[in-house]
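Have a look at work_20.csv; it's CSV, C-alpha atoms:
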```csv
chain,number,residue,atom,x,y,z
N,1,MET,CA,-26.7,-29.8,38.3
N,2,SER,CA,-29.2,-32.5,39.0
N,3,GLU,CA,-28.4,-35.2,41.5
N,4,ALA,CA,-27.7,-38.6,40.1
N,5,GLN,CA,-30.0,-41.4,41.0
N,6,VAL,CA,-30.8,-45.0,40.2
N,7,ASN,CA,-34.2,-46.5,40.9
N,8,LEU,CA,-35.9,-49.9,40.2
N,9,GLN,CA,-39.6,-50.1,39.4
N,10,GLY,CA,-40.8,-53.5,38.4
N,11,ASN,CA,-38.3,-54.6,35.8
N,12,CYS,CA,-37.2,-51.1,34.8
N,13,LEU,CA,-34.0,-49.6,36.2
N,14,SER,CA,-33.9,-45.9,35.6
N,15,LEU,CA,-30.9,-43.7,35.7
N,16,SER,CA,-31.1,-39.9,36.1
N,17,GLY,CA,-29.0,-36.8,36.6
N,18,VAL,CA,-25.3,-36.5,36.0
N,19,LEU,CA,-23.3,-39.7,35.5
N,20,ASP,CA,-19.7,-38.9,36.1
N,21,TYR,CA,-16.6,-39.9,38.1
N,22,THR,CA,-18.1,-38.5,41.3
N,23,SER,CA,-21.5,-40.1,41.1
N,24,GLY,CA,-20.4,-43.4,39.4
N,25,PRO,CA,-19.2,-45.4,42.4
N,26,GLN,CA,-22.4,-44.9,44.4
N,27,LEU,CA,-24.7,-45.5,41.4
N,28,ARG,CA,-22.8,-48.8,40.8
N,29,GLU,CA,-23.3,-49.9,44.3
N,30,GLN,CA,-26.9,-48.9,44.6
N,31,GLY,CA,-27.8,-50.3,41.2
N,32,GLY,CA,-26.1,-53.6,41.9
N,33,ARG,CA,-28.1,-53.9,45.2
N,34,LEU,CA,-31.4,-53.1,43.5
N,35,LEU,CA,-30.8,-55.7,40.8
N,36,ARG,CA,-30.4,-58.5,43.3
N,37,GLY,CA,-34.2,-58.2,43.8
N,38,LEU,CA,-35.0,-58.2,40.1
N,39,ALA,CA,-38.1,-60.2,39.1
N,40,GLY,CA,-39.1,-61.4,35.6
N,41,GLU,CA,-37.1,-62.4,32.6
N,42,GLN,CA,-36.1,-59.1,31.2
N,43,LEU,CA,-34.4,-55.9,32.5
N,44,GLN,CA,-35.0,-52.6,30.9
N,45,ILE,CA,-32.6,-49.8,31.6
N,46,ASP,CA,-34.0,-46.3,31.0
N,47,CYS,CA,-31.6,-43.5,30.5
N,48,GLN,CA,-34.1,-40.9,29.5
N,49,ALA,CA,-33.6,-38.7,32.6
N,50,VAL,CA,-29.8,-38.7,32.3
N,51,SER,CA,-28.9,-35.0,32.0
N,52,LYS,CA,-25.2,-35.4,31.3
N,53,SER,CA,-22.8,-38.4,31.1
N,54,SER,CA,-19.2,-39.1,30.7
N,55,SER,CA,-17.7,-42.6,29.9
N,56,VAL,CA,-18.8,-43.6,33.4
N,57,GLY,CA,-22.4,-43.8,32.2
N,58,LEU,CA,-21.5,-46.4,29.7
N,59,ALA,CA,-19.4,-48.3,32.2
N,60,LEU,CA,-22.5,-48.3,34.5
N,61,LEU,CA,-24.7,-49.8,31.7
N,62,LEU,CA,-22.1,-52.5,31.1
N,63,ALA,CA,-21.9,-53.3,34.8
N,64,PHE,CA,-25.7,-53.6,35.1
N,65,MET,CA,-25.8,-55.7,32.0
N,66,ARG,CA,-23.3,-58.1,33.6
N,67,ASP,CA,-25.5,-58.2,36.7
N,68,ALA,CA,-28.6,-59.1,34.7
N,69,GLN,CA,-26.7,-61.6,32.6
N,70,ALA,CA,-25.5,-63.4,35.7
N,71,GLN,CA,-29.1,-63.9,36.6
N,72,GLY,CA,-29.9,-65.1,33.2
N,73,LYS,CA,-32.0,-62.0,32.2
N,74,THR,CA,-32.1,-60.3,28.9
N,75,VAL,CA,-31.5,-56.5,28.8
N,76,ARG,CA,-32.9,-53.7,26.8
N,77,ILE,CA,-31.6,-50.1,27.0
N,78,VAL,CA,-33.9,-47.2,26.2
N,79,GLY,CA,-33.7,-43.5,26.0
N,80,LEU,CA,-29.9,-43.3,25.5
N,81,PRO,CA,-29.1,-39.5,25.4
N,82,GLU,CA,-27.0,-38.0,22.6
N,83,ASP,CA,-23.8,-37.6,24.7
N,84,MET,CA,-23.9,-41.3,25.7
N,85,ARG,CA,-24.6,-42.3,22.1
N,86,GLN,CA,-21.6,-40.3,20.9
N,87,ILE,CA,-19.2,-41.9,23.4
N,88,ALA,CA,-20.6,-45.3,22.6
N,89,GLU,CA,-20.0,-44.6,18.9
N,90,VAL,CA,-16.4,-43.5,19.4
N,91,CYS,CA,-15.6,-46.5,21.6
N,92,ALA,CA,-17.5,-48.8,19.2
N,93,LEU,CA,-19.8,-49.9,22.0
N,94,ASP,CA,-22.9,-49.5,19.9
N,95,GLU,CA,-22.5,-53.1,18.8
N,96,CYS,CA,-22.4,-54.3,22.5
N,97,LEU,CA,-25.4,-52.3,23.8
N,98,PRO,CA,-28.9,-53.8,23.3
N,99,LEU,CA,-30.6,-50.6,22.3
N,100,GLY,CA,-34.4,-50.5,22.1
N,101,ASP,CA,-36.8,-47.8,21.2
N,102,SER,CA,-37.3,-45.2,23.9
H,1,MET,CA,-13.4,-11.9,34.5
H,2,SER,CA,-13.8,-14.1,31.4
H,3,VAL,CA,-17.4,-13.9,30.3
H,4,ASP,CA,-17.4,-15.2,26.8
H,5,ASN,CA,-18.6,-18.8,26.9
H,6,ALA,CA,-17.5,-19.2,23.2
H,7,TYR,CA,-13.9,-19.6,24.4
H,8,ALA,CA,-12.6,-22.6,26.5
H,9,VAL,CA,-9.3,-20.9,27.3
H,10,GLU,CA,-8.4,-17.2,27.3
H,11,LEU,CA,-4.9,-15.8,27.8
H,12,LYS,CA,-4.9,-12.1,28.6
H,13,GLY,CA,-1.7,-10.0,28.7
H,14,LEU,CA,0.3,-13.1,29.4
H,15,THR,CA,4.0,-12.5,30.2
H,16,PHE,CA,6.5,-15.2,31.0
H,17,ARG,CA,10.3,-15.0,31.3
H,18,ARG,CA,13.1,-17.4,31.8
H,19,GLY,CA,15.9,-15.5,33.4
H,20,ALA,CA,16.5,-12.4,31.4
H,21,ARG,CA,14.8,-13.8,28.3
H,22,THR,CA,11.2,-12.9,27.7
H,23,ILE,CA,9.4,-15.9,26.2
H,24,PHE,CA,6.0,-14.2,26.0
H,25,ASP,CA,5.3,-10.5,26.2
H,26,LYS,CA,1.7,-9.5,26.9
H,27,VAL,CA,0.2,-12.3,24.7
H,28,ASP,CA,-3.5,-12.5,24.1
H,29,ILE,CA,-4.9,-15.8,22.8
H,30,ARG,CA,-8.5,-17.1,22.8
H,31,ILE,CA,-9.1,-20.8,22.2
H,32,PRO,CA,-12.6,-21.4,20.7
H,33,ARG,CA,-14.7,-24.0,22.6
H,34,GLY,CA,-15.2,-27.3,20.8
H,35,LYS,CA,-12.8,-26.5,18.0
H,36,VAL,CA,-9.3,-27.6,17.0
H,37,THR,CA,-6.9,-24.7,17.5
H,38,GLY,CA,-3.3,-25.0,16.2
H,39,ILE,CA,-0.5,-23.1,18.0
H,40,MET,CA,2.3,-22.9,15.5
H,41,GLY,CA,5.7,-21.3,15.3
H,42,PRO,CA,9.3,-22.1,14.7
H,43,SER,CA,11.1,-24.6,17.1
H,44,GLY,CA,12.2,-23.0,20.3
H,45,CYS,CA,9.6,-20.2,20.2
H,46,GLY,CA,7.9,-21.3,23.4
H,47,LYS,CA,5.0,-23.4,22.2
H,48,THR,CA,5.4,-26.1,24.8
H,49,THR,CA,5.9,-23.5,27.4
H,50,LEU,CA,2.5,-22.0,26.4
H,51,LEU,CA,0.9,-25.4,26.9
H,52,ARG,CA,2.4,-25.7,30.3
H,53,LEU,CA,1.1,-22.2,31.2
H,54,ILE,CA,-2.4,-23.2,30.1
H,55,ALA,CA,-2.2,-26.4,32.1
H,56,ALA,CA,-1.0,-24.4,35.1
H,57,GLN,CA,2.3,-26.3,35.3
H,58,LEU,CA,4.0,-22.9,35.1
H,59,ARG,CA,3.0,-19.6,36.6
H,60,PRO,CA,3.1,-16.5,34.4
H,61,HIS,CA,4.9,-13.4,35.6
H,62,ALA,CA,2.0,-11.3,34.6
H,63,GLY,CA,-1.4,-11.7,33.0
H,64,GLU,CA,-4.4,-14.0,33.2
H,65,VAL,CA,-5.2,-17.6,32.2
H,66,TRP,CA,-8.9,-18.2,32.1
H,67,VAL,CA,-10.3,-21.7,31.9
H,68,ASN,CA,-14.0,-22.1,32.5
H,69,GLN,CA,-14.5,-18.9,34.5
H,70,CYS,CA,-11.4,-19.5,36.6
H,71,ASN,CA,-8.2,-17.5,36.5
H,72,LEU,CA,-5.7,-20.4,37.0
H,73,PRO,CA,-2.8,-18.3,38.6
H,74,GLN,CA,-5.2,-17.4,41.4
H,75,LEU,CA,-6.3,-20.9,42.3
H,76,SER,CA,-5.0,-22.8,45.3
H,77,ARG,CA,-3.1,-26.1,44.9
H,78,SER,CA,-6.1,-28.2,45.7
H,79,GLU,CA,-8.3,-26.2,43.3
H,80,LEU,CA,-5.7,-26.7,40.6
H,81,PHE,CA,-5.6,-30.5,41.3
H,82,HIS,CA,-9.4,-30.7,40.6
H,83,MET,CA,-9.1,-28.3,37.6
H,84,ARG,CA,-6.5,-30.4,36.0
H,85,LYS,CA,-9.0,-33.2,35.6
H,86,GLN,CA,-10.5,-31.1,32.9
H,87,PHE,CA,-7.3,-31.3,30.9
H,88,GLY,CA,-5.8,-34.1,29.0
H,89,VAL,CA,-2.3,-33.7,27.7
H,90,LEU,CA,-0.6,-35.8,25.0
H,91,PHE,CA,3.1,-35.2,25.7
H,92,GLN,CA,5.6,-35.0,22.9
H,93,SER,CA,7.4,-38.1,24.2
H,94,GLY,CA,4.2,-40.0,25.0
H,95,ALA,CA,5.5,-40.2,28.6
H,96,LEU,CA,4.2,-43.7,29.2
H,97,PHE,CA,5.3,-45.3,32.4
H,98,THR,CA,7.9,-47.8,31.2
H,99,ASP,CA,7.3,-50.3,34.1
H,100,LEU,CA,3.5,-50.4,33.6
H,101,ASN,CA,1.8,-52.3,30.8
H,102,VAL,CA,-0.7,-50.6,28.4
H,103,PHE,CA,-3.7,-51.4,30.6
H,104,GLU,CA,-2.1,-49.9,33.8
H,105,ASN,CA,-0.9,-46.8,31.9
H,106,VAL,CA,-4.4,-46.0,30.8
H,107,ALA,CA,-5.9,-46.9,34.2
H,108,PHE,CA,-3.4,-44.7,36.0
H,109,PRO,CA,-5.4,-41.4,36.0
H,110,LEU,CA,-8.6,-43.3,36.9
H,111,ARG,CA,-6.9,-44.9,39.9
H,112,VAL,CA,-5.5,-41.5,41.0
H,113,HIS,CA,-8.5,-39.3,40.4
H,114,THR,CA,-11.6,-41.5,41.0
H,115,HIS,CA,-13.0,-44.1,43.4
H,116,LEU,CA,-14.5,-46.3,40.6
H,117,PRO,CA,-14.6,-50.0,41.3
H,118,GLU,CA,-12.1,-52.2,39.4
H,119,GLU,CA,-14.7,-53.6,37.0
H,120,MET,CA,-15.7,-50.0,35.8
H,121,ILE,CA,-12.0,-49.0,35.5
H,122,ARG,CA,-11.5,-52.1,33.3
H,123,ASP,CA,-14.6,-51.1,31.1
H,124,ILE,CA,-13.3,-47.5,30.7
H,125,VAL,CA,-9.7,-48.6,29.9
H,126,LEU,CA,-11.0,-51.1,27.2
H,127,MET,CA,-13.3,-48.5,25.8
H,128,LYS,CA,-10.5,-45.9,25.4
H,129,LEU,CA,-8.1,-48.4,23.9
H,130,GLN,CA,-10.8,-49.5,21.5
H,131,ALA,CA,-11.3,-45.9,20.4
H,132,VAL,CA,-7.6,-45.7,19.5
H,133,GLY,CA,-7.5,-49.2,18.0
H,134,LEU,CA,-5.2,-50.8,20.5
H,135,ARG,CA,-7.5,-52.9,22.8
H,136,GLY,CA,-5.6,-55.9,21.6
H,137,ALA,CA,-2.3,-54.5,23.0
H,138,VAL,CA,-3.7,-54.2,26.5
H,139,GLU,CA,-1.0,-56.5,28.0
H,140,LEU,CA,2.0,-55.2,26.1
H,141,MET,CA,4.7,-53.2,27.8
H,142,PRO,CA,5.7,-49.8,26.3
H,143,ASP,CA,9.0,-51.1,25.0
H,144,GLU,CA,7.0,-53.6,22.9
H,145,LEU,CA,5.2,-50.8,21.1
H,146,SER,CA,6.1,-48.8,18.0
H,147,GLY,CA,6.4,-45.0,18.3
H,148,GLY,CA,3.0,-44.5,16.7
H,149,MET,CA,1.4,-47.1,19.0
H,150,LYS,CA,3.0,-45.4,22.1
H,151,ARG,CA,1.4,-42.2,21.1
H,152,ARG,CA,-2.0,-43.8,20.7
H,153,VAL,CA,-1.8,-45.4,24.1
H,154,ALA,CA,-0.8,-42.0,25.5
H,155,LEU,CA,-3.8,-40.6,23.8
H,156,ALA,CA,-6.1,-43.2,25.3
H,157,ARG,CA,-4.6,-42.3,28.7
H,158,ALA,CA,-5.1,-38.5,28.0
H,159,ILE,CA,-8.9,-39.1,27.4
H,160,ALA,CA,-9.3,-41.6,30.3
H,161,LEU,CA,-11.0,-38.9,32.4
H,162,ASP,CA,-13.1,-37.5,29.6
H,163,PRO,CA,-11.3,-34.1,29.6
H,164,GLN,CA,-13.0,-31.0,28.2
H,165,ILE,CA,-9.8,-29.7,26.9
H,166,LEU,CA,-7.2,-31.9,25.2
H,167,MET,CA,-3.7,-30.5,24.5
H,168,TYR,CA,-1.4,-32.1,22.0
H,169,ASP,CA,2.3,-31.3,22.2
H,170,GLU,CA,4.0,-31.9,18.8
H,171,PRO,CA,1.8,-35.0,18.1
H,172,PHE,CA,3.2,-35.6,14.6
H,173,VAL,CA,7.0,-35.5,15.4
H,174,GLY,CA,8.8,-38.7,14.4
H,175,GLN,CA,5.7,-40.4,13.1
H,176,ASP,CA,5.6,-42.4,9.8
H,177,PRO,CA,3.0,-41.3,7.3
H,178,ILE,CA,0.5,-44.0,8.3
H,179,ALA,CA,0.8,-43.2,12.1
H,180,MET,CA,0.5,-39.5,11.2
H,181,GLY,CA,-2.7,-40.1,9.3
H,182,VAL,CA,-4.2,-42.2,12.1
H,183,LEU,CA,-3.4,-39.4,14.6
H,184,VAL,CA,-4.9,-36.7,12.4
H,185,ARG,CA,-8.1,-38.8,12.1
H,186,LEU,CA,-8.2,-39.5,15.8
H,187,ILE,CA,-7.7,-35.9,16.9
H,188,ARG,CA,-10.6,-34.8,14.6
H,189,LEU,CA,-12.9,-37.7,15.6
H,190,LEU,CA,-12.4,-37.1,19.4
H,191,ASN,CA,-12.9,-33.4,18.9
H,192,ASP,CA,-16.1,-33.6,16.8
H,193,ALA,CA,-17.7,-36.6,18.4
H,194,LEU,CA,-17.1,-35.8,22.1
H,195,GLY,CA,-17.2,-32.0,21.9
H,196,ILE,CA,-13.7,-31.7,23.2
H,197,THR,CA,-11.7,-28.4,22.8
H,198,SER,CA,-8.4,-29.4,21.2
H,199,ILE,CA,-5.2,-27.4,21.3
H,200,VAL,CA,-2.5,-28.7,18.9
H,201,VAL,CA,1.0,-27.3,19.4
H,202,SER,CA,3.0,-28.1,16.3
H,203,HIS,CA,5.5,-26.9,13.7
H,204,ASP,CA,4.2,-29.5,11.2
H,205,LEU,CA,2.3,-27.2,8.9
H,206,ALA,CA,0.5,-29.5,6.5
H,207,GLU,CA,-0.9,-31.8,9.2
H,208,THR,CA,-1.9,-29.0,11.6
H,209,ALA,CA,-3.4,-26.9,8.8
H,210,SER,CA,-5.4,-30.0,7.7
H,211,ILE,CA,-7.2,-30.4,11.0
H,212,ALA,CA,-7.1,-27.0,12.7
H,213,ASP,CA,-10.2,-24.8,12.5
H,214,TYR,CA,-8.1,-21.9,13.7
H,215,ILE,CA,-4.4,-21.2,14.0
H,216,TYR,CA,-2.2,-18.9,16.1
H,217,VAL,CA,1.3,-18.3,14.9
H,218,VAL,CA,3.7,-17.3,17.7
H,219,GLY,CA,7.3,-16.1,17.6
H,220,ASP,CA,9.4,-13.3,18.9
H,221,ALA,CA,7.6,-13.5,22.3
H,222,ARG,CA,4.3,-12.5,20.7
H,223,VAL,CA,1.4,-13.6,18.5
H,224,LEU,CA,2.6,-12.9,14.9
H,225,GLY,CA,-0.9,-13.6,13.5
H,226,HIS,CA,-4.0,-15.7,13.8
H,227,GLY,CA,-6.8,-16.9,11.5
H,228,THR,CA,-8.2,-19.9,9.7
H,229,PRO,CA,-5.5,-21.9,7.8
H,230,ALA,CA,-6.8,-20.5,4.5
H,231,GLU,CA,-6.6,-16.9,5.8
H,232,LEU,CA,-3.0,-17.4,7.0
H,233,MET,CA,-1.9,-19.1,3.8
H,234,VAL,CA,-2.6,-15.9,1.9
H,235,SER,CA,-1.3,-13.5,4.6
H,236,GLU,CA,0.8,-10.6,3.4
H,237,ASP,CA,2.6,-10.4,6.7
H,238,PRO,CA,6.3,-11.2,6.0
H,239,GLN,CA,6.7,-13.3,9.2
H,240,ILE,CA,3.5,-15.3,8.7
H,241,ARG,CA,4.4,-15.8,5.0
H,242,GLN,CA,7.9,-17.1,5.9
H,243,PHE,CA,6.5,-19.6,8.3
H,244,MET,CA,3.4,-20.7,6.3
H,245,GLN,CA,5.4,-21.1,3.1
H,246,GLY,CA,8.5,-22.5,4.7
H,247,ILE,CA,10.9,-19.9,3.2
H,248,PRO,CA,14.3,-20.5,4.8
H,249,ASP,CA,15.4,-16.9,5.1
H,250,GLY,CA,13.3,-13.9,6.0
H,251,PRO,CA,12.3,-12.0,9.1
H,252,VAL,CA,13.4,-15.1,11.0
H,253,PRO,CA,17.0,-15.3,9.6
H,254,PHE,CA,18.5,-18.5,8.3
H,255,HIS,CA,21.7,-17.7,10.1
H,256,PHE,CA,22.0,-17.6,13.9
H,257,PRO,CA,23.8,-14.3,14.8
H,258,ALA,CA,27.5,-14.7,14.3
H,259,VAL,CA,30.7,-12.7,13.8
H,260,ASP,CA,31.8,-11.9,10.3
H,261,TYR,CA,32.4,-15.2,8.3
H,262,ARG,CA,35.6,-14.0,6.6
H,263,SER,CA,37.2,-12.8,9.7
H,264,ASP,CA,36.1,-16.0,11.6
H,265,LEU,CA,37.8,-18.1,9.0
H,266,LEU,CA,40.8,-16.0,8.2
H,267,GLY,CA,41.2,-14.1,11.4
H,268,GLY,CA,43.2,-10.9,10.9
H,269,ALA,CA,45.0,-12.3,7.8
H,270,GLN,CA,44.3,-10.5,4.6
```

Just give me the structure as structure tokens.
Amino acid sequence: MSEAQVNLQGNCLSLSGVLDYTSGPQLREQGGRLLRGLAGEQLQIDCQAVSKSSSVGLALLLAFMRDAQAQGKTVRIVGLPEDMRQIAEVCALDECLPLGDS
Amino acid sequence: MSVDNAYAVELKGLTFRRGARTIFDKVDIRIPRGKVTGIMGPSGCGKTTLLRLIAAQLRPHAGEVWVNQCNLPQLSRSELFHMRKQFGVLFQSGALFTDLNVFENVAFPLRVHTHLPEEMIRDIVLMKLQAVGLRGAVELMPDELSGGMKRRVALARAIALDPQILMYDEPFVGQDPIAMGVLVRLIRLLNDALGITSIVVSHDLAETASIADYIYVVGDARVLGHGTPAELMVSEDPQIRQFMQGIPDGPVPFHFPAVDYRSDLLGGAQ
């Protein structure tokens, strides 16, 4: 199983690995810290390297969206994998997530 | 060792007794991964006991219970604690905590099993309640909910930790037709969209047959038969036929064993 990570390069926050109840708390904390130094008007969250996700992955996206919103930034989410899409659909989150092309 | 990845749960030679009564005698059951499997049989045949054996709440007297390459009766208490996170159970009664509101009921497993911060717990609770259509009921107490709503809240709680295996114990009992329809749709949706393996224990034939991909019929401490709903409907086996077609008398007699009726009423008088 690949280790979960969150990294910020420019205005792109990328998530990778397994997003679950074990990795979630640390990813939230690290991501929140990284976003404090966010420059520019827009945040892009890239999920292309996520290998597996539970509902925690969606809760992380919502948390990072709130962080960006508090700084007055707009958000775009790209590369949402199939399992995250399905959870988003069942929980009717698709209308809340600003999905862009990957 | 369980090697076949096509099955989420495998029971091999499972034997369980209560006192002198054998509830299951060397039962073999394989639950296909990602499908809805119905476990059916007359009331009192041990269906709920079977769920409790799969969830490792009971230990079999003999046999194996394989879940994801682990034989549950051989696991330690702490291993079982972690293993149980893979299971969601919708109890027959709903089993909501009566002193906690809807939000706290669904949040409960997240608080017990994870270290997620409060904001993420809130997100996940609202997502699960949205999935069952009850996000608006988040502040209500269980005694303010109808029977059908209680069961949907219990379902939201059962899926809070994204279980791989979801077990339903008599989900349709006491539900009005609308609530029943909602539950049938939800069970199928959660199974298909989230890739969950669903086990539905029920004696409600029409509802279970309408959602199950595969059905096991249990009774007399053994598996009476198994197959797709369509296969079981045309079974020639007398016990399967009696159950599937709801015939009151047959191999399972209508009358509980009793002394002769005439002598019971008239005693020795002729």

| said: Around (-23.9, -35.5, 30.1), as given in the file, which residues come within 9 Å? Count all atoms listed in the file and list them as an MDAnalysis selection string. | reply: chainID N and resid 17:20 50:54 57 81:84

| request: Between atom CA of Ala39 of chain N and atom CA of Phe64 of chain N, measure the distance and give it in Å to one decimal. | output: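 Calculated distance between atom CA of Ala39 of chain N and atom CA of Phe64 of chain N is 14.6 Å.
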
| field | Point (-16.3, -53.5, 38.1), cut-off 9 Å, counting only C-alpha atoms, residues as a count of residues only | value | 12

Determine, using only C-alpha atoms, which residues of chain N have any atom at most 9 Å from an atom of chain H, and tabulate each with its shortest atom pair and distance in Å to one decimal place, rows ordered by chain and then rising number, as a tab-separated table.
```
residue	atom	partner	partner_atom	distance
N:Tyr21	CA	H:Thr114	CA	6.0
N:Thr22	CA	H:Thr114	CA	7.2
N:Gly24	CA	H:Leu116	CA	6.7
N:Pro25	CA	H:Leu116	CA	5.1
N:Gln26	CA	H:Leu116	CA	8.9
N:Arg28	CA	H:Pro117	CA	8.3
N:Ser54	CA	H:Asp162	CA	6.4
N:Ser55	CA	H:Ile124	CA	6.6
N:Val56	CA	H:Ile124	CA	7.3
N:Leu58	CA	H:Ile124	CA	8.3
N:Ala59	CA	H:Met120	CA	5.4
N:Leu60	CA	H:Met120	CA	7.1
N:Leu62	CA	H:Asp123	CA	7.6
N:Ala63	CA	H:Met120	CA	7.1
N:Asp83	CA	H:Leu194	CA	7.4
N:Gln86	CA	H:Ala193	CA	5.9
N:Ile87	CA	H:Leu194	CA	6.6
N:Ala88	CA	H:Met127	CA	8.6
N:Glu89	CA	H:Ala193	CA	8.3
N:Val90	CA	H:Ala131	CA	5.7
N:Cys91	CA	H:Ala131	CA	4.5
N:Ala92	CA	H:Ala131	CA	6.9
N:Leu93	CA	H:Met127	CA	7.7
```

| message | As an exercise, work out the distance from atom CA of Asp169 of chain H to atom CA of His82 of chain H in Å and give it to one decimal place. | response |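 Taking atom CA of Asp169 of chain H and atom CA of His82 of chain H, their separation equals 21.8 Å.
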
| request: May I ask for the distance between atom CA of Ala206 of chain H and atom CA of Arg52 of chain H, given in Å to one decimal place? | output: 24.2 Å

If you count only C-alpha atoms, which residues fall within 10 Å of Gly72 of chain N, apart from same-chain ones fewer than 6 positions away, as a PDB file with C-alpha atoms, in the coordinates of the input?
```pdb
ATOM      1  CA  GLU N  41     -37.100 -62.400  32.600  1.00  0.00           C
ATOM      2  CA  GLN N  42     -36.100 -59.100  31.200  1.00  0.00           C
ATOM      3  CA  ARG N  66     -23.300 -58.100  33.600  1.00  0.00           C
TER       4      ARG N  66
END
```

| message | I'd like the contact shell of Ala154 of chain H - 9 Å cut-off, all atoms listed in the file, skipping same-chain residues fewer than 6 positions apart - returned as a list in words. | response |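 Counting all atoms listed in the file, the residues come to Val89, Leu90, Phe91, Gly94, Ala95, Leu96, Asn105 and Val106 of chain H.
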
| task | Skip segment 11-13 of chain H itself and residues of its chain fewer than 2 positions away, then list as a list in words all residues within 10 Å of it, counting only C-alpha atoms. | result |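 Contacts, in chain order: Ser2, Val9, Thr15, Phe16, Phe24, Asp25, Lys26, Val27, Asp28, Ile29, Arg30, Ile31, Leu50, Leu53, Ile54, Pro60, Ala62, Gly63, Glu64, Val65, Trp66, Val67 and Asn71 of chain H.
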
| said: Nearest residue to Ala4 of chain N out of N:Cys96, N:Leu27, N:Ile45, N:Leu38, using only C-alpha atoms? | reply: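 Of N:Cys96, N:Leu27, N:Ile45, N:Leu38, the one nearest Ala4 of chain N is N:Leu27, counting only C-alpha atoms.
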
| task | Rank nothing, just name the residue among H:Asp143, H:Asp237, H:Asp213, H:Asp204 nearest to Thr98 of chain H, using only C-alpha atoms. | result |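 Between H:Asp143, H:Asp237, H:Asp213, H:Asp204, the residue approaching Thr98 of chain H most closely is H:Asp143.
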
Residues near Thr228 of chain H, anyone? I mean within 12 Å using only C-alpha atoms, not counting same-chain ones fewer than 6 positions away, as a short mmCIF file (atom, residue, chain, number, x, y, z; two decimals) with C-alpha atoms, in the frame of the given file.
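Wrote result26.cif, looks like this:
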```
data_model
loop_
_atom_site.label_atom_id
_atom_site.label_comp_id
_atom_site.auth_asym_id
_atom_site.auth_seq_id
_atom_site.Cartn_x
_atom_site.Cartn_y
_atom_site.Cartn_z
CA PRO H 32 -12.60 -21.40 20.70
CA LYS H 35 -12.80 -26.50 18.00
CA VAL H 36 -9.30 -27.60 17.00
CA THR H 37 -6.90 -24.70 17.50
CA GLY H 38 -3.30 -25.00 16.20
CA ILE H 39 -0.50 -23.10 18.00
CA THR H 208 -1.90 -29.00 11.60
CA ALA H 209 -3.40 -26.90 8.80
CA SER H 210 -5.40 -30.00 7.70
CA ILE H 211 -7.20 -30.40 11.00
CA ALA H 212 -7.10 -27.00 12.70
CA ASP H 213 -10.20 -24.80 12.50
CA TYR H 214 -8.10 -21.90 13.70
CA ILE H 215 -4.40 -21.20 14.00
CA TYR H 216 -2.20 -18.90 16.10
CA VAL H 217 1.30 -18.30 14.90
CA VAL H 234 -2.60 -15.90 1.90
CA SER H 235 -1.30 -13.50 4.60
#
```

Which polymer residues have any atom within 6 Å of an atom of Gln44 of chain N, counting all atoms listed in the file, with same-chain residues fewer than 3 positions away left out, as a short mmCIF file (atom, residue, chain, number, x, y, z; two decimals) with C-alpha atoms, in the coordinates of the input?
```cif
data_model
loop_
_atom_site.label_atom_id
_atom_site.label_comp_id
_atom_site.auth_asym_id
_atom_site.auth_seq_id
_atom_site.Cartn_x
_atom_site.Cartn_y
_atom_site.Cartn_z
CA CYS N 12 -37.20 -51.10 34.80
CA VAL N 75 -31.50 -56.50 28.80
CA ARG N 76 -32.90 -53.70 26.80
CA ILE N 77 -31.60 -50.10 27.00
#
```

From the block you just saw, export segment 49-57 of chain N: N, CA and C atoms, as a PDB file, in the first residue's frame.
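Written output follows (part-v3.pdb):
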```
ATOM      1  N   ALA N  49      -2.940  11.062  -8.078  1.00  0.00           N
ATOM      2  CA  ALA N  49      -2.050  10.030  -7.513  1.00  0.00           C
ATOM      3  C   ALA N  49      -2.665   9.326  -6.300  1.00  0.00           C
ATOM      4  N   VAL N  50      -3.971   9.565  -6.067  1.00  0.00           N
ATOM      5  CA  VAL N  50      -4.637   8.852  -4.963  1.00  0.00           C
ATOM      6  C   VAL N  50      -4.877   7.418  -5.416  1.00  0.00           C
ATOM      7  N   SER N  51      -4.343   6.437  -4.656  1.00  0.00           N
ATOM      8  CA  SER N  51      -4.495   5.046  -5.086  1.00  0.00           C
ATOM      9  C   SER N  51      -5.780   4.428  -4.548  1.00  0.00           C
ATOM     10  N   LYS N  52      -6.247   4.910  -3.389  1.00  0.00           N
ATOM     11  CA  LYS N  52      -7.479   4.370  -2.809  1.00  0.00           C
ATOM     12  C   LYS N  52      -8.027   5.392  -1.820  1.00  0.00           C
ATOM     13  N   SER N  53      -9.333   5.509  -1.774  1.00  0.00           N
ATOM     14  CA  SER N  53      -9.887   6.494  -0.840  1.00  0.00           C
ATOM     15  C   SER N  53     -11.211   6.022  -0.250  1.00  0.00           C
ATOM     16  N   SER N  54     -11.376   6.307   1.028  1.00  0.00           N
ATOM     17  CA  SER N  54     -12.679   6.124   1.685  1.00  0.00           C
ATOM     18  C   SER N  54     -13.344   7.505   1.731  1.00  0.00           C
ATOM     19  N   SER N  55     -14.379   7.635   2.533  1.00  0.00           N
ATOM     20  CA  SER N  55     -15.046   8.929   2.680  1.00  0.00           C
ATOM     21  C   SER N  55     -14.092   9.992   3.219  1.00  0.00           C
ATOM     22  N   VAL N  56     -13.043   9.544   3.883  1.00  0.00           N
ATOM     23  CA  VAL N  56     -12.057  10.483   4.435  1.00  0.00           C
ATOM     24  C   VAL N  56     -11.475  11.375   3.335  1.00  0.00           C
ATOM     25  N   GLY N  57     -11.235  10.820   2.158  1.00  0.00           N
ATOM     26  CA  GLY N  57     -10.685  11.601   1.052  1.00  0.00           C
ATOM     27  C   GLY N  57     -11.585  12.765   0.690  1.00  0.00           C
TER      28      GLY N  57
END
```
